[in-house]
Amino acid sequence: MHSFGKNFVKGIIRSNPTFILLLGLCPTLAVSTSLDNAVGMTAAFLFVLLVSNIIISLLRNYVPDRVRIPVFIVIIASLVTIVDLMLQGFVPALSKSLGMYIPLIVVNCIILGRAEAFASKNGVSDSIADALGMSVGFGLAIFVISFIRQLLGTGELDLFGRSLFTIPGLSDNPVSIFMLPMGAFFVIGTLLALFRWMGVSKGE
Amino acid sequence: MSNLLAIFFGMALVNNMVLVKFLGLCPFFGVSKKLSSAFSMGIAVLLVMLVASGVTWPVYHLLLAPYGVEFMRTVIFILVIASLVQIIEMAIKRTNLTLYNALGIYLPLITTNCAVLGITFINIDQTYSFLESLTAALGAGAGFTLVLIIMSGIRERLDLADPPKAFKGTPIAFITAMLLGLSFLAFNGMV
C-alpha cells in the first residue's frame with residue numbers, strides 16, 4: 001500500500017508530465033481553449049493510460065524484449081480507437097471540438113513512456129497507481145492552462161453550457177490572443193517560469 | 001496547379017504544423033538548440049512525411065474504405081509509419097553513410113512524432129486526392145523545417161542573452177515560440 005501511494009503522488013508534482021518532464025505537449029496546448037475540452041481530453045487520456053498500463057503490466061513477462069515497442073504501440077492504438085469511437089457515439093460535440101487530437105493520443109510520449117519506463121517493469125497495482133497519478137498530473141496541467149486561456153480569452157468561464165463565472169468588462173473586450181495558438185505558448189512559458197521562481201522545479 | 005500551390009503554402013505558412021496545429025512540439029523544443037541538428041531533423045521529418053503520405057493514402061482508399069473498416073486507420077497508420085521509418089533507416093544506412101550519420105539518431109524519434117501521423121490524418125479528413133496529399137505533406141514538412149531552423153537560430157543567440165533567471169532555458173523558448181507565431185499570423189490572408 002505504501003508503494004501505491006508513492007507511485008500515485010509522484011506523477012502529480014515531482015514528475016508532472018507536462019510542467020516538469022515537458023512531455024505530450026501537443027494535445028495539452030492544442031485543446032486547452034475551454035474547460036469542456038480539458039475534461040474530455042483528461043478522460044480520454046486517463047482511460048488509455050490506465051488500461052494500457054494494466055494490460056502491459058500483465059503481459060510484461062510474456063512479450064519478448066525485441067518486439068516490445070511495436071506490441072505496446074498496437075495495444076495503445078487499439079485503446080485509442082475505442083475511445084475515439086465512444087466519444088463520436090456518445091458526445092459528438094466534444095468529439096468534434098477535440099478533432100484529430102484524440103487519435104493522436106497514440107503518439108503521446110507520456111503513454112508510451114510510462115509503458116516502457118514503468119508498466120513493463122512493475123506489478124499491476126503499482127502500474128495502476130502510476131497511471132492514476134500521471135493522469136491527475138496531466139489533468140491538472142491542462143485544467144490550469146484551459147482555465148487561464150478561457151478566462152482571459154473570452155472573459156467568462158463555462159462548463160458544458162453552464163456559465164460559472166464572468167469578469168465584468170472583460171467579456172465585452174476579451175484578450176482574444178489567449179484563444180489563439182500563440183496564447184498557449186505564452187501561458188505555458190509564463191507558468192514554467194513561475195514554477196521555477198517558486199522553487200517547485202529546478203532551473204537549468 | 002494553383003490549387004496545389006494553395007495547399008502547399010497553406011500547409012507551410014498559414015496552418016503551420018508547429019505554430020498553429022501544435023504538432024511535433026517535442027522535436028521543436030528538443031532538437032532546436034543547434035542549427036545543424038535542427039536542419040537534419042527537419043529534412044528527416046520532411047522525408048518521412050512525404051513517404052508516409054504516399055503510402056497511407058492508397059492504404060486508406062484502396063484497402064480500408066472499400067471494406068468499410070475506416071475505424072482501423074489509427075492502428076494501421078501507426079504501424080505503417082513505424083515500419084516505414086525502419087525501412088528508410090536501413091535504406092539510408094546502406095546507400096549513404098554520411099547522410100545516415102547526420103540523420104540516424106533522429107529517425108527512430110520520428111515514429112512518435114505527432115506531425116507525421118497528423119499529416120496522414122489531415123490528408124484523409126480533408127479528402128485530398130493523391131497528388132494533393134503529397135503536396136500537403138511537402139508543404140507541412142517544409143513549414144516544419146522552416147520553423148525549426150528559425151527557432152534554432154534564435155535559440156543559439158538566446159544562449160548569449162541574459163533573460164530573468166526564472167525564464168532561462170525552456171520558458172523563454174516558449175515565449176519565443178509565441179512571438180514567432182504572432183509573426184506567422186501575417187500570412188493569414190495569403191491563401
# chains A, B, ... in the order shown; residues from 1 in each chain; ligands from 1
$ residues_around --residues "A:Cys109" --least-positions-apart "3" --cutoff "6 Å" --atoms "only C-alpha atoms" --output "PyMOL selection string"
chain A and resi 24+112-113
$ residues_around --residues "B:Ala6" --least-positions-apart "3" --cutoff "10 Å" --atoms "only C-alpha atoms" --output "number ranges by chain"
B: 1-3, 9-12, 135-136, 139, 190-191
$ residues_around --residues "stretch 153-162 of chain A" --least-positions-apart "3" --cutoff "9 Å" --atoms "only C-alpha atoms" --output "PDB file with N, CA and C atoms, in the first residue's frame"
ATOM      1  N   THR A  33      -8.416  25.317 -24.945  1.00  0.00           N
ATOM      2  CA  THR A  33      -9.093  26.596 -25.123  1.00  0.00           C
ATOM      3  C   THR A  33     -10.349  26.685 -24.273  1.00  0.00           C
ATOM      4  N   SER A  34     -10.864  25.558 -23.771  1.00  0.00           N
ATOM      5  CA  SER A  34     -12.046  25.630 -22.916  1.00  0.00           C
ATOM      6  C   SER A  34     -12.000  24.505 -21.898  1.00  0.00           C
ATOM      7  N   LEU A  35     -12.744  24.684 -20.793  1.00  0.00           N
ATOM      8  CA  LEU A  35     -12.753  23.668 -19.742  1.00  0.00           C
ATOM      9  C   LEU A  35     -13.387  22.378 -20.251  1.00  0.00           C
ATOM     10  N   ASP A  36     -14.369  22.483 -21.169  1.00  0.00           N
ATOM     11  CA  ASP A  36     -15.006  21.275 -21.727  1.00  0.00           C
ATOM     12  C   ASP A  36     -13.948  20.386 -22.373  1.00  0.00           C
ATOM     13  N   PHE A 147      -8.076  27.000 -17.930  1.00  0.00           N
ATOM     14  CA  PHE A 147      -8.710  27.985 -17.048  1.00  0.00           C
ATOM     15  C   PHE A 147      -8.218  29.390 -17.406  1.00  0.00           C
ATOM     16  N   ILE A 148      -6.889  29.542 -17.490  1.00  0.00           N
ATOM     17  CA  ILE A 148      -6.330  30.860 -17.782  1.00  0.00           C
ATOM     18  C   ILE A 148      -6.743  31.320 -19.178  1.00  0.00           C
ATOM     19  N   ARG A 149      -6.630  30.399 -20.157  1.00  0.00           N
ATOM     20  CA  ARG A 149      -6.909  30.812 -21.540  1.00  0.00           C
ATOM     21  C   ARG A 149      -8.375  31.173 -21.729  1.00  0.00           C
ATOM     22  N   GLN A 150      -9.281  30.358 -21.152  1.00  0.00           N
ATOM     23  CA  GLN A 150     -10.694  30.649 -21.364  1.00  0.00           C
ATOM     24  C   GLN A 150     -11.112  31.910 -20.613  1.00  0.00           C
ATOM     25  N   PHE A 165     -18.741  31.797 -14.267  1.00  0.00           N
ATOM     26  CA  PHE A 165     -18.092  32.995 -13.757  1.00  0.00           C
ATOM     27  C   PHE A 165     -17.907  33.967 -14.915  1.00  0.00           C
ATOM     28  N   THR A 166     -18.173  35.240 -14.691  1.00  0.00           N
ATOM     29  CA  THR A 166     -17.943  36.233 -15.738  1.00  0.00           C
ATOM     30  C   THR A 166     -17.183  37.401 -15.143  1.00  0.00           C
ATOM     31  N   ILE A 167     -16.169  37.861 -15.849  1.00  0.00           N
ATOM     32  CA  ILE A 167     -15.476  39.066 -15.394  1.00  0.00           C
ATOM     33  C   ILE A 167     -16.148  40.251 -16.062  1.00  0.00           C
ATOM     34  N   PRO A 168     -16.743  41.143 -15.294  1.00  0.00           N
ATOM     35  CA  PRO A 168     -17.422  42.279 -15.937  1.00  0.00           C
ATOM     36  C   PRO A 168     -16.407  43.132 -16.697  1.00  0.00           C
ATOM     37  N   GLY A 169     -16.805  43.586 -17.860  1.00  0.00           N
ATOM     38  CA  GLY A 169     -15.909  44.424 -18.653  1.00  0.00           C
ATOM     39  C   GLY A 169     -15.063  43.610 -19.592  1.00  0.00           C
ATOM     40  N   LEU A 170     -14.445  42.540 -19.083  1.00  0.00           N
ATOM     41  CA  LEU A 170     -13.535  41.758 -19.917  1.00  0.00           C
ATOM     42  C   LEU A 170     -14.297  40.944 -20.957  1.00  0.00           C
ATOM     43  N   SER A 171     -15.548  40.545 -20.619  1.00  0.00           N
ATOM     44  CA  SER A 171     -16.277  39.693 -21.557  1.00  0.00           C
ATOM     45  C   SER A 171     -16.695  40.469 -22.807  1.00  0.00           C
ATOM     46  N   ASP A 172     -16.770  41.807 -22.700  1.00  0.00           N
ATOM     47  CA  ASP A 172     -17.078  42.590 -23.905  1.00  0.00           C
ATOM     48  C   ASP A 172     -15.838  42.797 -24.765  1.00  0.00           C
ATOM     49  N   ASN A 173     -14.701  42.971 -24.108  1.00  0.00           N
ATOM     50  CA  ASN A 173     -13.447  43.166 -24.837  1.00  0.00           C
ATOM     51  C   ASN A 173     -12.416  42.142 -24.390  1.00  0.00           C
ATOM     52  N   PRO A 174     -12.617  40.869 -24.731  1.00  0.00           N
ATOM     53  CA  PRO A 174     -11.682  39.860 -24.229  1.00  0.00           C
ATOM     54  C   PRO A 174     -10.303  39.988 -24.874  1.00  0.00           C
ATOM     55  N   VAL A 175      -9.297  39.443 -24.175  1.00  0.00           N
ATOM     56  CA  VAL A 175      -7.932  39.448 -24.703  1.00  0.00           C
ATOM     57  C   VAL A 175      -7.827  38.234 -25.618  1.00  0.00           C
ATOM     58  N   SER A 176      -8.273  38.397 -26.873  1.00  0.00           N
ATOM     59  CA  SER A 176      -8.513  37.200 -27.677  1.00  0.00           C
ATOM     60  C   SER A 176      -7.235  36.473 -28.080  1.00  0.00           C
ATOM     61  N   ILE A 177      -6.065  37.090 -27.850  1.00  0.00           N
ATOM     62  CA  ILE A 177      -4.833  36.372 -28.191  1.00  0.00           C
ATOM     63  C   ILE A 177      -4.709  35.086 -27.380  1.00  0.00           C
ATOM     64  N   PHE A 178      -5.331  35.027 -26.202  1.00  0.00           N
ATOM     65  CA  PHE A 178      -5.229  33.814 -25.401  1.00  0.00           C
ATOM     66  C   PHE A 178      -5.976  32.646 -26.038  1.00  0.00           C
ATOM     67  N   MET A 179      -6.958  32.943 -26.910  1.00  0.00           N
ATOM     68  CA  MET A 179      -7.661  31.862 -27.581  1.00  0.00           C
ATOM     69  C   MET A 179      -6.897  31.409 -28.825  1.00  0.00           C
ATOM     70  N   LEU A 180      -6.004  32.245 -29.321  1.00  0.00           N
ATOM     71  CA  LEU A 180      -5.208  31.867 -30.490  1.00  0.00           C
ATOM     72  C   LEU A 180      -4.114  30.883 -30.053  1.00  0.00           C
ATOM     73  N   GLY A 183      -1.352  32.118 -27.727  1.00  0.00           N
ATOM     74  CA  GLY A 183      -1.667  32.321 -26.321  1.00  0.00           C
ATOM     75  C   GLY A 183      -1.222  31.135 -25.477  1.00  0.00           C
TER      76      GLY A 183
END
$ closest_atom_pairs --of "chain A" --to "chain B" --cutoff "9 Å" --atoms "only C-alpha atoms" --output "CSV"
residue,atom,partner,partner_atom,distance
A:Leu22,CA,B:Cys26,CA,8.2
A:Leu23,CA,B:Cys26,CA,7.1
A:Gly24,CA,B:Cys26,CA,7.5
A:Leu25,CA,B:Leu25,CA,6.6
A:Cys26,CA,B:Phe22,CA,5.2
A:Pro27,CA,B:Phe22,CA,7.6
A:Leu29,CA,B:Phe22,CA,6.9
A:Ala30,CA,B:Phe22,CA,5.8
A:Pro70,CA,B:Leu79,CA,7.8
A:Ile73,CA,B:Ile78,CA,7.9
A:Val74,CA,B:Val75,CA,6.4
A:Ile75,CA,B:Val75,CA,8.9
A:Ile76,CA,B:Val75,CA,8.6
A:Ala77,CA,B:Val75,CA,5.1
A:Ser78,CA,B:Val75,CA,6.3
A:Val80,CA,B:Thr74,CA,7.9
A:Thr81,CA,B:Thr74,CA,6.6
A:Asp84,CA,B:Phe71,CA,9.0
A:Leu85,CA,B:Phe71,CA,7.9
A:Met100,CA,B:Phe121,CA,7.3
A:Tyr101,CA,B:Gly118,CA,8.6
A:Pro103,CA,B:Thr74,CA,6.3
A:Leu104,CA,B:Cys114,CA,6.5
A:Ile105,CA,B:Cys114,CA,8.8
A:Val106,CA,B:Thr74,CA,7.9
A:Val107,CA,B:Thr112,CA,4.9
A:Asn108,CA,B:Thr112,CA,7.4
A:Cys109,CA,B:Thr112,CA,7.0
A:Leu112,CA,B:Thr112,CA,8.9
A:Leu180,CA,B:Val20,CA,8.4
A:Pro181,CA,B:Val20,CA,5.6
A:Met182,CA,B:Met178,CA,4.7
A:Gly183,CA,B:Met178,CA,7.0
A:Ala184,CA,B:Met178,CA,8.0
A:Phe185,CA,B:Phe174,CA,5.3
A:Phe186,CA,B:Ile175,CA,5.4
A:Val187,CA,B:Ile175,CA,8.6
A:Ile188,CA,B:Phe174,CA,7.2
A:Gly189,CA,B:Pro171,CA,4.3
A:Thr190,CA,B:Pro171,CA,6.6
A:Leu191,CA,B:Pro171,CA,8.1
A:Leu192,CA,B:Pro171,CA,5.7
A:Ala193,CA,B:Ala166,CA,4.9
A:Leu194,CA,B:Ala166,CA,7.1
A:Phe195,CA,B:Ala166,CA,8.4
A:Arg196,CA,B:Ala166,CA,5.6
A:Trp197,CA,B:Ala166,CA,5.4
A:Gly203,CA,B:Ala166,CA,7.0
A:Glu204,CA,B:Gly169,CA,6.6
$ write_last_selection --atoms "N, CA and C atoms" --output "short mmCIF file (atom, residue, chain, number, x, y, z; two decimals), in the first residue's frame"
data_model
loop_
_atom_site.label_atom_id
_atom_site.label_comp_id
_atom_site.auth_asym_id
_atom_site.auth_seq_id
_atom_site.Cartn_x
_atom_site.Cartn_y
_atom_site.Cartn_z
N LEU A 22 7.88 17.96 -19.48
CA LEU A 22 7.61 18.58 -20.79
C LEU A 22 7.31 17.54 -21.86
N LEU A 23 6.50 16.53 -21.49
CA LEU A 23 6.13 15.50 -22.46
C LEU A 23 4.68 15.68 -22.87
N GLY A 24 4.37 15.20 -24.07
CA GLY A 24 2.97 15.21 -24.51
C GLY A 24 2.37 16.59 -24.56
N LEU A 25 3.15 17.54 -25.05
CA LEU A 25 2.66 18.92 -25.05
C LEU A 25 1.61 19.17 -26.13
N CYS A 26 1.68 18.40 -27.23
CA CYS A 26 0.80 18.71 -28.37
C CYS A 26 -0.67 18.80 -27.97
N PRO A 27 -1.26 17.73 -27.36
CA PRO A 27 -2.68 17.84 -27.02
C PRO A 27 -2.92 18.89 -25.95
N LEU A 29 -1.49 21.75 -25.33
CA LEU A 29 -1.55 23.12 -25.83
C LEU A 29 -2.66 23.28 -26.86
N ALA A 30 -2.92 22.24 -27.65
CA ALA A 30 -3.86 22.42 -28.76
C ALA A 30 -5.30 22.53 -28.30
N PRO A 70 6.68 -2.32 -30.70
CA PRO A 70 5.51 -2.50 -31.57
C PRO A 70 4.30 -3.06 -30.83
N ILE A 73 2.70 -0.27 -28.95
CA ILE A 73 2.02 0.68 -29.83
C ILE A 73 0.68 0.12 -30.30
N VAL A 74 0.65 -1.17 -30.63
CA VAL A 74 -0.62 -1.76 -31.08
C VAL A 74 -1.66 -1.73 -29.97
N ILE A 75 -1.23 -2.06 -28.74
CA ILE A 75 -2.17 -2.02 -27.61
C ILE A 75 -2.72 -0.61 -27.43
N ILE A 76 -1.81 0.38 -27.44
CA ILE A 76 -2.24 1.76 -27.22
C ILE A 76 -3.15 2.22 -28.36
N ALA A 77 -2.78 1.87 -29.60
CA ALA A 77 -3.59 2.32 -30.75
C ALA A 77 -4.99 1.72 -30.69
N SER A 78 -5.10 0.46 -30.26
CA SER A 78 -6.43 -0.15 -30.17
C SER A 78 -7.27 0.59 -29.13
N VAL A 80 -6.95 3.67 -28.16
CA VAL A 80 -7.29 5.00 -28.66
C VAL A 80 -8.46 4.91 -29.63
N THR A 81 -8.48 3.86 -30.47
CA THR A 81 -9.60 3.68 -31.38
C THR A 81 -10.91 3.51 -30.61
N ASP A 84 -11.95 6.89 -29.30
CA ASP A 84 -12.38 7.74 -30.40
C ASP A 84 -13.82 7.40 -30.80
N LEU A 85 -14.11 6.09 -30.95
CA LEU A 85 -15.45 5.68 -31.35
C LEU A 85 -16.47 5.98 -30.26
N MET A 100 -8.79 15.79 -34.35
CA MET A 100 -7.82 14.73 -34.56
C MET A 100 -6.85 14.59 -33.39
N TYR A 101 -7.01 15.40 -32.34
CA TYR A 101 -6.12 15.25 -31.20
C TYR A 101 -6.46 14.01 -30.38
N PRO A 103 -7.30 10.79 -31.90
CA PRO A 103 -6.46 9.73 -32.46
C PRO A 103 -4.96 9.96 -32.23
N LEU A 104 -4.57 11.22 -32.09
CA LEU A 104 -3.14 11.50 -31.90
C LEU A 104 -2.64 11.15 -30.50
N ILE A 105 -3.55 10.72 -29.60
CA ILE A 105 -3.09 10.25 -28.29
C ILE A 105 -2.13 9.07 -28.48
N VAL A 106 -2.28 8.34 -29.60
CA VAL A 106 -1.39 7.21 -29.89
C VAL A 106 0.07 7.60 -29.77
N VAL A 107 0.42 8.77 -30.31
CA VAL A 107 1.82 9.16 -30.33
C VAL A 107 2.15 10.09 -29.17
N ASN A 108 1.28 10.10 -28.14
CA ASN A 108 1.58 10.92 -26.97
C ASN A 108 2.74 10.27 -26.22
N CYS A 109 3.83 11.01 -26.07
CA CYS A 109 5.03 10.39 -25.49
C CYS A 109 4.80 9.95 -24.06
N LEU A 112 3.37 6.09 -24.11
CA LEU A 112 4.40 5.11 -24.49
C LEU A 112 5.54 5.13 -23.46
N LEU A 180 -6.00 32.25 -29.32
CA LEU A 180 -5.21 31.87 -30.49
C LEU A 180 -4.11 30.88 -30.05
N PRO A 181 -3.55 30.13 -31.01
CA PRO A 181 -2.49 29.19 -30.65
C PRO A 181 -1.34 29.84 -29.88
N MET A 182 -0.99 31.10 -30.25
CA MET A 182 0.15 31.74 -29.60
C MET A 182 -0.08 31.91 -28.11
N GLY A 183 -1.35 32.12 -27.73
CA GLY A 183 -1.67 32.32 -26.32
C GLY A 183 -1.22 31.13 -25.48
N ALA A 184 -1.34 29.91 -26.06
CA ALA A 184 -0.96 28.71 -25.31
C ALA A 184 0.53 28.72 -25.00
N PHE A 185 1.35 29.13 -25.98
CA PHE A 185 2.79 29.19 -25.75
C PHE A 185 3.10 30.18 -24.64
N PHE A 186 2.42 31.32 -24.68
CA PHE A 186 2.66 32.37 -23.69
C PHE A 186 2.30 31.87 -22.29
N VAL A 187 1.12 31.23 -22.18
CA VAL A 187 0.67 30.77 -20.86
C VAL A 187 1.62 29.73 -20.30
N ILE A 188 2.01 28.73 -21.12
CA ILE A 188 2.86 27.67 -20.55
C ILE A 188 4.26 28.20 -20.25
N GLY A 189 4.77 29.11 -21.07
CA GLY A 189 6.09 29.69 -20.80
C GLY A 189 6.10 30.44 -19.49
N THR A 190 5.04 31.25 -19.27
CA THR A 190 4.96 32.02 -18.04
C THR A 190 4.80 31.11 -16.83
N LEU A 191 3.95 30.07 -16.99
CA LEU A 191 3.74 29.15 -15.86
C LEU A 191 5.03 28.43 -15.49
N LEU A 192 5.81 27.99 -16.51
CA LEU A 192 7.07 27.30 -16.22
C LEU A 192 8.02 28.21 -15.44
N ALA A 193 8.08 29.48 -15.89
CA ALA A 193 8.95 30.43 -15.19
C ALA A 193 8.48 30.65 -13.77
N LEU A 194 7.15 30.70 -13.60
CA LEU A 194 6.57 30.91 -12.27
C LEU A 194 6.93 29.75 -11.34
N PHE A 195 6.79 28.51 -11.85
CA PHE A 195 7.12 27.35 -11.02
C PHE A 195 8.58 27.35 -10.63
N ARG A 196 9.41 27.79 -11.56
CA ARG A 196 10.84 27.83 -11.27
C ARG A 196 11.15 28.88 -10.22
N TRP A 197 10.45 30.00 -10.35
CA TRP A 197 10.66 31.09 -9.40
C TRP A 197 10.21 30.69 -8.01
N GLY A 203 15.88 25.03 -12.15
CA GLY A 203 16.30 25.68 -13.38
C GLY A 203 17.37 24.85 -14.08
N GLU A 204 17.87 25.39 -15.19
CA GLU A 204 18.87 24.62 -15.95
C GLU A 204 20.27 24.91 -15.44
#
$ closest_residue --among "B:Pro58, B:Gln126, B:Ala44, B:Ala140" --to "B:Leu99" --atoms "only C-alpha atoms"
B:Ala44
$ select_by_dssp --residues "chain B" --states "helix (DSSP H, G or I)" --output "ChimeraX atom specification"
/B:2-14,25-30,35-64,70-95,97-110,114-125,130-158,165-167,170-187
$ write_last_selection --atoms "C-alpha atoms" --output "compact mmCIF listing (two decimals), in the first residue's frame"
# COMPACT_ATOMS: atom_id res chain seq x y z
CA SER B 2 -2.92 26.97 -58.40
CA ASN B 3 -4.88 24.59 -56.19
CA LEU B 4 -1.70 22.67 -55.39
CA LEU B 5 0.19 25.89 -54.70
CA ALA B 6 -2.57 26.99 -52.33
CA ILE B 7 -2.31 23.69 -50.44
CA PHE B 8 1.49 23.89 -50.29
CA PHE B 9 1.67 27.42 -48.90
CA GLY B 10 -1.41 26.88 -46.76
CA MET B 11 0.24 23.94 -45.01
CA ALA B 12 3.68 25.53 -44.83
CA LEU B 13 2.82 29.04 -43.63
CA VAL B 14 -0.83 29.61 -42.74
CA LEU B 25 6.34 20.07 -30.37
CA CYS B 26 8.71 17.53 -28.81
CA PRO B 27 11.37 17.85 -31.55
CA PHE B 28 10.57 21.56 -31.85
CA PHE B 29 11.79 22.18 -28.31
CA GLY B 30 14.11 19.18 -28.03
CA LEU B 35 21.21 24.96 -36.18
CA SER B 36 22.87 21.95 -37.81
CA SER B 37 20.85 19.33 -35.91
CA ALA B 38 17.65 21.34 -36.45
CA PHE B 39 18.23 21.23 -40.21
CA SER B 40 18.88 17.45 -40.20
CA MET B 41 15.78 16.83 -38.11
CA GLY B 42 13.65 18.98 -40.39
CA ILE B 43 14.81 17.16 -43.52
CA ALA B 44 14.26 13.76 -41.88
CA VAL B 45 10.70 14.72 -40.91
CA LEU B 46 10.02 16.09 -44.41
CA LEU B 47 11.20 12.83 -45.96
CA VAL B 48 9.15 10.60 -43.66
CA MET B 49 6.04 12.79 -44.09
CA LEU B 50 6.28 12.52 -47.85
CA VAL B 51 6.75 8.74 -47.89
CA ALA B 52 4.14 8.20 -45.17
CA SER B 53 1.52 10.24 -47.07
CA GLY B 54 2.35 8.40 -50.27
CA VAL B 55 1.80 5.03 -48.58
CA THR B 56 -1.12 5.72 -46.23
CA TRP B 57 -3.30 7.33 -48.92
CA PRO B 58 -3.56 4.15 -51.05
CA VAL B 59 -3.83 2.01 -47.92
CA TYR B 60 -6.86 4.02 -46.77
CA HIS B 61 -8.62 4.49 -50.10
CA LEU B 62 -7.90 1.09 -51.64
CA LEU B 63 -7.83 -1.15 -48.59
CA LEU B 64 -9.73 0.32 -45.63
CA GLU B 70 -12.15 3.06 -41.74
CA PHE B 71 -12.10 2.91 -37.93
CA MET B 72 -8.92 0.82 -38.12
CA ARG B 73 -6.98 3.75 -39.54
CA THR B 74 -5.30 4.77 -36.26
CA VAL B 75 -3.87 1.29 -35.70
CA ILE B 76 -2.93 0.69 -39.34
CA PHE B 77 -1.37 4.12 -39.92
CA ILE B 78 0.88 3.99 -36.87
CA LEU B 79 2.08 0.51 -37.84
CA VAL B 80 2.73 1.63 -41.42
CA ILE B 81 4.67 4.68 -40.23
CA ALA B 82 6.71 2.68 -37.70
CA SER B 83 7.74 0.13 -40.33
CA LEU B 84 8.41 2.84 -42.93
CA VAL B 85 10.78 4.61 -40.56
CA GLN B 86 12.65 1.33 -40.04
CA ILE B 87 12.89 0.72 -43.78
CA ILE B 88 14.04 4.28 -44.52
CA GLU B 89 16.64 3.99 -41.77
CA MET B 90 18.01 0.73 -43.24
CA ALA B 91 17.95 2.12 -46.78
CA ILE B 92 19.87 5.26 -45.83
CA LYS B 93 22.37 3.22 -43.82
CA ARG B 94 23.09 1.03 -46.86
CA THR B 95 23.23 3.75 -49.51
CA LEU B 97 26.65 6.62 -44.73
CA THR B 98 27.27 10.37 -44.43
CA LEU B 99 23.56 11.08 -44.56
CA TYR B 100 22.95 8.26 -42.08
CA ASN B 101 25.40 9.76 -39.62
CA ALA B 102 23.63 13.10 -39.91
CA LEU B 103 20.03 11.83 -39.70
CA GLY B 104 20.49 8.47 -37.96
CA ILE B 105 19.64 9.35 -34.39
CA TYR B 106 16.61 11.40 -35.38
CA LEU B 107 14.89 8.75 -37.47
CA PRO B 108 13.68 6.50 -34.61
CA LEU B 109 12.33 9.56 -32.82
CA ILE B 110 10.13 10.34 -35.80
CA CYS B 114 2.71 13.55 -33.98
CA ALA B 115 3.35 15.75 -37.02
CA VAL B 116 3.84 12.69 -39.24
CA LEU B 117 0.73 10.87 -38.05
CA GLY B 118 -1.07 14.22 -38.07
CA ILE B 119 -0.43 14.93 -41.74
CA THR B 120 -1.73 11.49 -42.76
CA PHE B 121 -4.95 12.17 -40.82
CA ILE B 122 -5.26 15.65 -42.33
CA ASN B 123 -4.94 14.18 -45.84
CA ILE B 124 -7.85 11.81 -45.15
CA ASP B 125 -10.01 14.34 -43.27
CA PHE B 130 -3.25 11.51 -54.04
CA LEU B 131 -1.35 14.41 -55.63
CA GLU B 132 -2.86 16.90 -53.18
CA SER B 133 -1.82 14.65 -50.27
CA LEU B 134 1.78 14.62 -51.46
CA THR B 135 1.73 18.40 -51.87
CA ALA B 136 0.25 18.84 -48.40
CA ALA B 137 2.98 16.61 -46.94
CA LEU B 138 5.66 18.53 -48.77
CA GLY B 139 4.23 21.84 -47.53
CA ALA B 140 3.86 20.62 -43.96
CA GLY B 141 7.41 19.28 -43.94
CA ALA B 142 8.80 22.47 -45.44
CA GLY B 143 6.93 24.57 -42.89
CA PHE B 144 8.20 22.36 -40.07
CA THR B 145 11.80 22.64 -41.29
CA LEU B 146 11.49 26.41 -41.73
CA VAL B 147 10.18 26.99 -38.22
CA LEU B 148 12.73 24.61 -36.70
CA ILE B 149 15.59 26.45 -38.42
CA ILE B 150 14.33 29.91 -37.41
CA MET B 151 13.83 28.71 -33.85
CA SER B 152 17.30 27.18 -33.56
CA GLY B 153 18.87 30.35 -34.96
CA ILE B 154 17.10 32.40 -32.32
CA ARG B 155 17.99 29.96 -29.55
CA GLU B 156 21.68 29.99 -30.44
CA ARG B 157 21.59 33.75 -29.90
CA LEU B 158 19.41 33.44 -26.80
CA LYS B 165 16.76 33.85 -14.13
CA ALA B 166 13.42 32.03 -13.90
CA PHE B 167 12.88 32.34 -17.65
CA THR B 170 12.69 26.36 -21.77
CA PRO B 171 10.34 29.15 -20.57
CA ILE B 172 12.00 31.76 -22.77
CA ALA B 173 11.84 29.27 -25.66
CA PHE B 174 8.06 29.13 -25.27
CA ILE B 175 7.82 32.91 -25.23
CA THR B 176 9.97 32.98 -28.38
CA ALA B 177 7.59 30.49 -29.98
CA MET B 178 4.71 32.82 -29.18
CA LEU B 179 6.41 35.77 -30.87
CA LEU B 180 7.26 33.57 -33.86
CA GLY B 181 3.63 32.51 -34.05
CA LEU B 182 2.47 36.12 -33.95
CA SER B 183 4.68 36.99 -36.88
CA PHE B 184 3.34 33.98 -38.82
CA LEU B 185 -0.17 35.42 -38.34
CA ALA B 186 0.76 37.87 -41.07
CA PHE B 187 0.45 35.03 -43.61
$ select_by_dssp --residues "stretch 6-171 of chain A" --states "strand (DSSP E)" --output "list of chain:residue names"
A:Glu156, A:Leu157, A:Asp158, A:Leu159, A:Arg162, A:Ser163, A:Leu164, A:Phe165, A:Thr166
$ write_last_selection --atoms "N, CA and C atoms" --output "PDB file, in the first residue's frame"
ATOM      1  N   GLU A 156     -15.136  34.863 -19.660  1.00  0.00           N
ATOM      2  CA  GLU A 156     -16.047  34.113 -18.791  1.00  0.00           C
ATOM      3  C   GLU A 156     -15.671  32.636 -18.796  1.00  0.00           C
ATOM      4  N   LEU A 157     -16.115  31.943 -17.751  1.00  0.00           N
ATOM      5  CA  LEU A 157     -15.849  30.506 -17.669  1.00  0.00           C
ATOM      6  C   LEU A 157     -17.173  29.779 -17.787  1.00  0.00           C
ATOM      7  N   ASP A 158     -17.240  28.760 -18.645  1.00  0.00           N
ATOM      8  CA  ASP A 158     -18.433  27.919 -18.576  1.00  0.00           C
ATOM      9  C   ASP A 158     -18.051  26.476 -18.767  1.00  0.00           C
ATOM     10  N   LEU A 159     -18.853  25.598 -18.196  1.00  0.00           N
ATOM     11  CA  LEU A 159     -18.579  24.167 -18.250  1.00  0.00           C
ATOM     12  C   LEU A 159     -19.818  23.481 -18.790  1.00  0.00           C
ATOM     13  N   ARG A 162     -23.035  25.577 -18.849  1.00  0.00           N
ATOM     14  CA  ARG A 162     -23.425  26.328 -17.672  1.00  0.00           C
ATOM     15  C   ARG A 162     -22.380  27.384 -17.381  1.00  0.00           C
ATOM     16  N   SER A 163     -22.825  28.628 -17.261  1.00  0.00           N
ATOM     17  CA  SER A 163     -21.870  29.696 -17.017  1.00  0.00           C
ATOM     18  C   SER A 163     -21.462  29.683 -15.548  1.00  0.00           C
ATOM     19  N   LEU A 164     -20.136  29.659 -15.312  1.00  0.00           N
ATOM     20  CA  LEU A 164     -19.654  29.583 -13.935  1.00  0.00           C
ATOM     21  C   LEU A 164     -19.284  30.956 -13.396  1.00  0.00           C
ATOM     22  N   PHE A 165     -18.741  31.797 -14.267  1.00  0.00           N
ATOM     23  CA  PHE A 165     -18.092  32.995 -13.757  1.00  0.00           C
ATOM     24  C   PHE A 165     -17.907  33.967 -14.915  1.00  0.00           C
ATOM     25  N   THR A 166     -18.173  35.240 -14.691  1.00  0.00           N
ATOM     26  CA  THR A 166     -17.943  36.233 -15.738  1.00  0.00           C
ATOM     27  C   THR A 166     -17.183  37.401 -15.143  1.00  0.00           C
TER      28      THR A 166
END
